[in-house]
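K.L.:
To start, I am sharing the structure in question, which I have written as structure tokens.
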Amino acid sequence: MLTCIATWWKAGERSRRQSRQGAAAMKAQSMCCKIVVVGDSECGKTSLLHVFAKDSYPEKYVPTVFESYSSSFDIERRRVELSMWDTAGSSYYDYVRPLSYPDSDAVLICFDIGRPETLDSVLKKWQAEVQEFCPSITVLLVGCKAELRSSGEVQDDRGPVTYEQGVGVSRRIGAAAYMECSAKTSKLGVRDLFRMAALATVNLPEKPGKGARHSLQSARQALQLPAVQEDIPACIPLRQGKAKSCTIM
Ligand SMILES: Nc1nc2c(ncn2[C@@H]2O[C@H](COP(=O)(O)OP(=O)(O)OP(=O)(O)O)[C@@H](O)[C@H]2O)c(=O)[nH]1
């Protein structure tokens, strides 16, 4: 009987040790990823972040000046620590919004599927702003409020933005991906969006002439760190030396 208990205890201790080692290895390999979310006022940025980071859809509209959120998840057994920066869509804050860009790994440019003029703004305003402050950043174009396309609520003469129009603009601005989601009706879609954004920062092929710090190789090297390595920080940036990739002018 005693031998039985001792064997059971040893087995339990072994599995606890393994899980502690697993957690330590995961911590040693965790990656930091900063995502900045921009787009016209009231296009749905804050709601996306609320649903993803706080698991709740804000019923009341409160204009944002600056806000940051954090969350974490695992990609291929590596922990990704995501920090997400919500910005003001209003042009009143055009001079302060650029403070959000330094050190970012990806920018989500959002528009409202129910308001075609917010997609026009992507070409007229947001592409240029992101290009100016983060010339080689990974950009994803995001169509928010996707459920409006089929709800019949859209008042605009042009009707809701079509999927093809979204794809067309994402190609014109050289976005890494085009995604649509509804913070109101699909938490899963919102979660997929942020996972996709984190993955895109890791997996994008190197763009010619962008320099080593933006290369896929540096991101991959970071991802392929040995399981436990004492001399690396618990959370490392996805891009080595990325601080210079986004500037304040
Ligand atoms: N129908 C619908 N409405 C949404 C959705 N997401 C947000 N909204 C509404 O759109 C309005 C603006 O949402 P916010 O998320 O605050 O917009 P924002 O882009 O952060 O706005 P600013 O802070 O002004 O830049 C609010 O009234 C939300 O309830 C959605 O998925 N579907």
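Residues in the structure tokens are named by chain (A, B, ... in the order shown) and by number from 1 within that chain; ligands are numbered from 1 in the order shown.
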Which residues are near ligand 1 - at most 7 Å, using only C-alpha atoms and all ligand atoms? Format: as an MDAnalysis selection string.

P.N.:
chainID A and resid 39:48 58:65 87:90 144:148 181:185

K.L.:
Check the DSSP output for the backbone and give back, as a PDB file with C-alpha atoms, in the first residue's frame, the residues of range 66-143 of chain A in strand (DSSP E or B).

P.N.:
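Below is the file out.pdb, written as the result:
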ATOM      1  CA  PHE A  66      -5.527  57.055 -26.163  1.00  0.00           C
ATOM      2  CA  GLU A  67      -6.030  53.681 -24.550  1.00  0.00           C
ATOM      3  CA  SER A  68      -3.959  50.549 -24.342  1.00  0.00           C
ATOM      4  CA  TYR A  69      -4.982  46.947 -23.824  1.00  0.00           C
ATOM      5  CA  SER A  70      -3.039  43.763 -23.311  1.00  0.00           C
ATOM      6  CA  SER A  71      -3.663  40.105 -23.860  1.00  0.00           C
ATOM      7  CA  SER A  72      -1.666  36.969 -24.516  1.00  0.00           C
ATOM      8  CA  PHE A  73      -2.033  33.707 -26.390  1.00  0.00           C
ATOM      9  CA  ASP A  74       0.130  30.921 -27.771  1.00  0.00           C
ATOM     10  CA  ILE A  75       1.356  30.429 -31.308  1.00  0.00           C
ATOM     11  CA  ARG A  78       5.303  30.226 -27.961  1.00  0.00           C
ATOM     12  CA  ARG A  79       3.513  32.759 -25.803  1.00  0.00           C
ATOM     13  CA  VAL A  80       2.729  36.027 -27.539  1.00  0.00           C
ATOM     14  CA  GLU A  81       2.249  39.011 -25.231  1.00  0.00           C
ATOM     15  CA  LEU A  82       0.131  41.408 -27.207  1.00  0.00           C
ATOM     16  CA  SER A  83      -0.061  45.076 -26.414  1.00  0.00           C
ATOM     17  CA  MET A  84      -2.737  46.900 -28.374  1.00  0.00           C
ATOM     18  CA  TRP A  85      -2.995  50.649 -28.728  1.00  0.00           C
ATOM     19  CA  ASP A  86      -6.343  52.248 -29.388  1.00  0.00           C
ATOM     20  CA  THR A  87      -6.172  55.692 -31.003  1.00  0.00           C
ATOM     21  CA  ALA A 106       1.699  45.920 -36.972  1.00  0.00           C
ATOM     22  CA  VAL A 107      -0.947  48.514 -37.685  1.00  0.00           C
ATOM     23  CA  LEU A 108      -4.604  47.652 -38.173  1.00  0.00           C
ATOM     24  CA  ILE A 109      -6.280  50.228 -40.416  1.00  0.00           C
ATOM     25  CA  CYS A 110     -10.002  49.954 -39.738  1.00  0.00           C
ATOM     26  CA  PHE A 111     -13.081  51.177 -41.567  1.00  0.00           C
ATOM     27  CA  ASP A 112     -16.825  50.797 -41.093  1.00  0.00           C
ATOM     28  CA  THR A 138       2.969  45.203 -41.434  1.00  0.00           C
ATOM     29  CA  VAL A 139      -0.486  46.600 -42.219  1.00  0.00           C
ATOM     30  CA  LEU A 140      -3.788  44.750 -42.060  1.00  0.00           C
ATOM     31  CA  LEU A 141      -6.956  46.321 -43.424  1.00  0.00           C
ATOM     32  CA  VAL A 142      -9.985  45.579 -41.252  1.00  0.00           C
ATOM     33  CA  GLY A 143     -13.630  45.961 -42.237  1.00  0.00           C
TER      34      GLY A 143
END

K.L.:
I need the residue nearest Glu180 in chain A from this list: A:Ala198, A:Leu193, A:Leu123, A:Val36. Use only C-alpha atoms for the distance.

P.N.:
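So, comparing all the options, the nearest one is A:Leu193.
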
K.L.:
With distances taken over only C-alpha atoms, which residue among A:Lys187, A:Leu119, A:Lys34, A:Phe52 lies nearest Gly168 in chain A?

P.N.:
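Looking at the shortest contact to Gly168 in chain A, the residue is A:Leu119.
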
K.L.:
Using only C-alpha atoms, pick whichever of A:Arg172, A:Tyr92, A:Asp156, A:Tyr163 has the shortest atom-to-atom distance to Lys124 in chain A.

P.N.:
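Checking each of A:Arg172, A:Tyr92, A:Asp156, A:Tyr163 against Lys124 in chain A, counting only C-alpha atoms, the winner is A:Arg172.
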
K.L.:
Between A:Ser170, A:Ser136, A:Ser150, A:Gln155, which one has atoms that come closest to Arg115 in chain A, using only C-alpha atoms?

P.N.:
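Selected residue with least distance to Arg115 in chain A: A:Gln155.
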
K.L.:
So the first atom is CA of Val161 in chain A and the second is CA of Asp105 in chain A; what is the distance between them in Å, to one decimal place?

P.N.:
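Distance reported for this atom pair: 27.6 Å.
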